[in-house]
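Dumped input10.csv below, it's CSV, C-alpha atoms:
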chain,number,residue,atom,x,y,z
A,29,MET,CA,-6.4,25.7,-60.8
A,30,HIS,CA,-8.0,23.2,-63.2
A,31,ILE,CA,-7.0,19.8,-62.0
A,32,VAL,CA,-7.5,16.7,-64.1
A,33,HIS,CA,-6.9,13.1,-62.9
A,34,VAL,CA,-6.7,10.5,-65.8
A,35,SER,CA,-6.9,6.9,-64.8
A,36,ILE,CA,-5.4,4.3,-67.3
A,37,HIS,CA,-5.5,0.5,-67.2
A,38,LEU,CA,-3.0,-1.1,-69.6
A,39,LYS,CA,-3.1,-4.3,-71.4
A,40,LYS,CA,-0.4,-6.7,-70.2
A,41,ASP,CA,3.1,-6.4,-71.8
A,42,TYR,CA,2.8,-2.8,-72.6
A,43,ILE,CA,4.2,-1.3,-69.5
A,44,ASP,CA,7.7,-0.4,-70.8
A,45,ALA,CA,6.4,1.2,-74.0
A,46,PHE,CA,3.8,3.1,-72.0
A,47,LEU,CA,6.3,4.4,-69.5
A,48,ALA,CA,8.5,5.7,-72.4
A,49,ALA,CA,5.6,7.3,-74.4
A,50,THR,CA,4.0,8.9,-71.3
A,51,SER,CA,7.2,10.2,-69.8
A,52,GLU,CA,8.0,11.9,-73.1
A,53,ASN,CA,4.5,13.5,-73.1
A,54,ALA,CA,4.8,14.6,-69.4
A,55,ILE,CA,8.2,16.2,-70.0
A,56,ASN,CA,7.2,18.0,-73.1
A,57,SER,CA,4.0,19.3,-71.5
A,58,LEU,CA,6.0,20.7,-68.5
A,59,LYS,CA,8.6,22.2,-70.9
A,60,HIS,CA,6.5,23.7,-73.6
A,61,GLU,CA,3.1,24.6,-72.0
A,62,PRO,CA,3.1,27.7,-69.8
A,63,GLY,CA,-0.4,26.7,-68.7
A,64,VAL,CA,0.8,23.4,-67.2
A,65,VAL,CA,1.7,23.8,-63.5
A,66,ARG,CA,2.3,20.0,-62.8
A,67,PHE,CA,2.1,16.9,-64.9
A,68,ASP,CA,2.7,14.0,-62.5
A,69,PHE,CA,2.8,10.5,-63.9
A,70,LEU,CA,2.1,7.8,-61.3
A,71,GLN,CA,2.1,4.0,-61.3
A,72,GLU,CA,0.1,2.1,-58.7
A,73,THR,CA,2.3,-0.1,-56.5
A,74,GLU,CA,-0.3,-3.0,-56.1
A,75,ASP,CA,-1.2,-3.0,-59.8
A,76,PRO,CA,1.6,-1.9,-62.1
A,77,THR,CA,-0.7,-1.9,-65.1
A,78,HIS,CA,-2.7,1.0,-63.5
A,79,PHE,CA,-1.5,4.6,-63.9
A,80,VAL,CA,-2.7,8.0,-63.0
A,81,LEU,CA,-1.9,11.3,-64.7
A,82,VAL,CA,-2.3,14.3,-62.3
A,83,GLU,CA,-2.5,17.3,-64.6
A,84,ILE,CA,-2.7,20.8,-63.0
A,85,TYR,CA,-3.5,23.6,-65.4
A,86,ARG,CA,-3.8,27.3,-64.6
A,87,THR,CA,-7.2,27.5,-66.5
A,88,PRO,CA,-9.7,25.1,-68.2
A,89,GLU,CA,-8.5,26.7,-71.5
A,90,ASP,CA,-5.0,25.5,-70.9
A,91,SER,CA,-6.3,21.9,-70.7
A,92,ILE,CA,-7.9,22.3,-74.1
A,93,ARG,CA,-4.7,23.8,-75.6
A,94,HIS,CA,-2.8,20.7,-74.2
A,95,LYS,CA,-4.9,18.5,-76.5
A,96,GLU,CA,-3.9,20.6,-79.5
A,97,THR,CA,-0.1,20.0,-79.0
A,98,ASP,CA,1.9,17.7,-81.2
A,99,HIS,CA,3.3,15.9,-78.1
A,100,TYR,CA,-0.2,15.1,-76.9
A,101,LYS,CA,-1.4,13.9,-80.3
A,102,LYS,CA,1.7,11.7,-80.7
A,103,TRP,CA,1.1,10.2,-77.2
A,104,ARG,CA,-2.6,9.5,-77.9
A,105,VAL,CA,-1.8,7.6,-81.1
A,106,LEU,CA,0.9,5.6,-79.3
A,107,ALA,CA,-0.8,5.0,-76.0
A,108,GLU,CA,-4.5,4.4,-76.8
A,109,PRO,CA,-3.9,0.9,-78.3
A,110,MET,CA,-2.0,-0.1,-75.2
A,111,MET,CA,-5.1,0.6,-73.0
A,112,GLN,CA,-7.3,-2.2,-71.7
A,113,GLU,CA,-10.3,0.1,-71.7
A,114,LEU,CA,-11.2,3.7,-72.3
A,115,ARG,CA,-9.3,5.9,-69.8
A,116,SER,CA,-11.4,7.8,-67.3
A,117,ARG,CA,-11.1,11.5,-66.4
A,118,LYS,CA,-12.3,13.5,-63.4
A,119,ILE,CA,-11.9,17.3,-62.9
A,120,TYR,CA,-11.2,18.9,-59.5
A,121,LYS,CA,-10.6,22.2,-57.9
A,122,SER,CA,-8.0,22.8,-55.3
A,123,ILE,CA,-9.1,23.6,-51.7
A,124,ILE,CA,-5.6,23.1,-50.2
A,125,PRO,CA,-3.4,24.6,-51.5
A,126,PRO,CA,-5.5,27.6,-52.5
A,127,ASP,CA,-5.0,28.7,-56.1
A,128,LEU,CA,-3.0,31.8,-54.9
A,129,ALA,CA,-0.4,29.5,-53.3
A,130,TYR,CA,0.6,28.0,-56.7
B,8,MET,CA,8.1,9.2,-52.9
B,9,HIS,CA,5.2,7.3,-51.3
B,10,ILE,CA,2.0,8.7,-52.8
B,11,VAL,CA,-1.4,8.0,-51.4
B,12,HIS,CA,-4.7,9.0,-53.1
B,13,VAL,CA,-7.7,8.9,-50.8
B,14,SER,CA,-11.2,9.1,-52.4
B,15,ILE,CA,-14.0,10.2,-50.2
B,16,HIS,CA,-17.8,10.4,-50.9
B,17,LEU,CA,-19.7,12.5,-48.4
B,18,LYS,CA,-23.3,12.3,-47.2
B,19,LYS,CA,-25.3,15.3,-48.3
B,20,ASP,CA,-25.3,18.4,-46.1
B,21,TYR,CA,-21.8,17.7,-44.7
B,22,ILE,CA,-19.8,19.7,-47.3
B,23,ASP,CA,-19.0,22.8,-45.2
B,24,ALA,CA,-18.1,20.8,-42.0
B,25,PHE,CA,-15.9,18.5,-44.1
B,26,LEU,CA,-14.2,21.4,-45.8
B,27,ALA,CA,-13.3,22.9,-42.4
B,28,ALA,CA,-12.1,19.7,-40.8
B,29,THR,CA,-10.1,18.5,-43.7
B,30,SER,CA,-8.5,21.9,-44.4
B,31,GLU,CA,-7.3,21.9,-40.8
B,32,ASN,CA,-5.8,18.4,-41.1
B,33,ALA,CA,-4.1,19.3,-44.4
B,34,ILE,CA,-2.6,22.5,-43.0
B,35,ASN,CA,-1.4,20.8,-39.8
B,36,SER,CA,0.1,17.9,-41.8
B,37,LEU,CA,2.1,20.3,-44.0
B,38,LYS,CA,3.2,22.4,-41.0
B,39,HIS,CA,4.1,19.8,-38.5
B,40,GLU,CA,5.2,16.7,-40.5
B,41,PRO,CA,8.6,16.9,-42.1
B,42,GLY,CA,7.8,13.7,-44.0
B,43,VAL,CA,4.9,15.3,-45.8
B,44,VAL,CA,5.9,16.8,-49.1
B,45,ARG,CA,2.4,17.7,-50.4
B,46,PHE,CA,-1.1,17.3,-48.9
B,47,ASP,CA,-3.5,18.5,-51.7
B,48,PHE,CA,-7.2,18.6,-50.8
B,49,LEU,CA,-9.3,18.4,-54.0
B,50,GLN,CA,-13.1,18.7,-54.7
B,51,GLU,CA,-14.6,17.2,-57.8
B,52,THR,CA,-16.3,19.9,-59.9
B,53,GLU,CA,-19.1,17.6,-61.3
B,54,ASP,CA,-19.9,16.0,-57.9
B,55,PRO,CA,-19.1,18.4,-55.0
B,56,THR,CA,-19.7,15.6,-52.5
B,57,HIS,CA,-16.6,13.8,-53.9
B,58,PHE,CA,-13.1,14.7,-52.6
B,59,VAL,CA,-9.6,13.4,-53.1
B,60,LEU,CA,-6.6,13.8,-50.8
B,61,VAL,CA,-3.3,13.6,-52.7
B,62,GLU,CA,-0.8,12.9,-50.0
B,63,ILE,CA,2.9,12.8,-50.9
B,64,TYR,CA,5.2,11.3,-48.3
B,65,ARG,CA,9.0,10.9,-48.4
B,66,THR,CA,8.8,7.3,-47.2
B,67,PRO,CA,6.1,4.7,-46.4
B,68,GLU,CA,7.1,5.2,-42.7
B,69,ASP,CA,6.1,8.8,-42.9
B,70,SER,CA,2.6,7.8,-43.9
B,71,ILE,CA,2.4,5.6,-40.8
B,72,ARG,CA,3.6,8.4,-38.6
B,73,HIS,CA,0.9,10.7,-40.1
B,74,LYS,CA,-1.8,8.4,-38.7
B,75,GLU,CA,-0.3,8.7,-35.2
B,76,THR,CA,-0.6,12.5,-35.1
B,77,ASP,CA,-3.2,14.3,-33.0
B,78,HIS,CA,-4.5,16.3,-36.0
B,79,TYR,CA,-5.1,13.1,-38.0
B,80,LYS,CA,-6.9,11.4,-35.1
B,81,LYS,CA,-9.1,14.5,-34.6
B,82,TRP,CA,-9.9,14.6,-38.4
B,83,ARG,CA,-10.8,10.9,-38.4
B,84,VAL,CA,-13.3,11.2,-35.5
B,85,LEU,CA,-14.9,14.3,-37.1
B,86,ALA,CA,-14.9,13.2,-40.8
B,87,GLU,CA,-15.7,9.5,-40.7
B,88,PRO,CA,-19.4,10.0,-39.7
B,89,MET,CA,-19.8,12.4,-42.6
B,90,MET,CA,-18.8,9.8,-45.2
B,91,GLN,CA,-21.3,8.0,-47.4
B,92,GLU,CA,-19.2,4.9,-47.5
B,93,LEU,CA,-15.7,3.7,-46.4
B,94,ARG,CA,-13.1,5.9,-48.1
B,95,SER,CA,-10.8,4.1,-50.6
B,96,ARG,CA,-7.0,4.4,-50.8
B,97,LYS,CA,-4.5,3.6,-53.5
B,98,ILE,CA,-0.7,3.9,-53.3
B,99,TYR,CA,1.5,5.1,-56.2
B,100,LYS,CA,5.1,5.7,-57.0
B,101,SER,CA,6.2,8.7,-59.0
B,102,ILE,CA,7.5,8.2,-62.5
B,103,ILE,CA,7.5,11.9,-63.4
B,104,PRO,CA,8.8,13.8,-61.6
B,105,PRO,CA,11.5,11.4,-60.4
B,106,ASP,CA,12.0,11.2,-56.7
B,107,LEU,CA,15.2,13.2,-56.9
B,108,ALA,CA,13.3,16.1,-58.4
B,109,TYR,CA,11.3,16.6,-55.2
Encoded form (structure tokens):
Amino acid sequence: MHIVHVSIHLKKDYIDAFLAATSENAINSLKHEPGVVRFDFLQETEDPTHFVLVEIYRTPEDSIRHKETDHYKKWRVLAEPMMQELRSRKIYKSIIPPDLAY
Amino acid sequence: MHIVHVSIHLKKDYIDAFLAATSENAINSLKHEPGVVRFDFLQETEDPTHFVLVEIYRTPEDSIRHKETDHYKKWRVLAEPMMQELRSRKIYKSIIPPDLAY
């Protein structure tokens, strides 16, 4: 699995708009991309302007294809101006569960 | 869901021992704790000394019960001396998937 964690800090007052735009992107990614295994959208309890996307792709190529979809491009245009700073991104491999367990 | 991300930076030369100890803790948590929904153990591809535990509990109380288990206590004694610095911990709620979808 190719696992991407994206950390996003929002400007104040954009939470509702960001929740709507990002939920739509997550749902479309799960529905239309066979390479997407999970697309969890999380909000930090102590800081509700901080969000994490936990994206699990079957292969690195699936994460590239995700960025070519219309729903991703729409999300980026809507969501980027809501961010306090550039989002950060880290890539992981899964130890537990092993890839075969997915 | 009560979601905990634990970020851990290891001292050099402890990777193999940490992989063994943490895999055992993850497997035992999944096997013996009904309040544990997921316990993903991830290694960063760019920095193999950086790990994240993605722990998904049904309730906050389940995350407290986890720390009372023998497998957690054993892990903590083994793993803490391998860490470069104190591990950090953030708590999230799930927007997507909604709790009912778990």
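Note that the spacing between atom CA of A:Glu52 and atom CA of A:Ser122 amounts to 26.3 Å.
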Checklist entry - Using only C-alpha atoms, which residues sit within 12 Å of stretch 45-48 of chain B once same-chain residues fewer than 2 positions away are excluded, as a PyMOL selection string? => result (chain A and resi 29+31+82+84+120-127+129-130) or (chain B and resi 8-15+25-43+50-51+57-65+70+73+109)
Checklist entry - Do you have the atom CA of B:Glu92-atom CA of B:Lys18 distance handy? => result 8.5 Å
Checklist entry - Could you work out how far atom CA of A:Lys95 lies from atom CA of A:Pro109, giving the answer in Å with one decimal? => result 17.7 Å
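In this comparison, which uses only C-alpha atoms, the residue of A:Ala45, A:Lys40, A:Leu70, A:Thr97 approaching chain B most closely is A:Leu70.
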Item to check | Nearest to chain B, chosen from A:Glu108, A:Asp75, A:Lys102, A:Arg115, with all atoms listed in the file counted in the distances | outcome: A:Asp75
Item to check | Nearest residue to chain A from the set B:Val44, B:Ile98, B:Leu17, B:Leu85 (distances using all atoms listed in the file) | outcome: B:Ile98
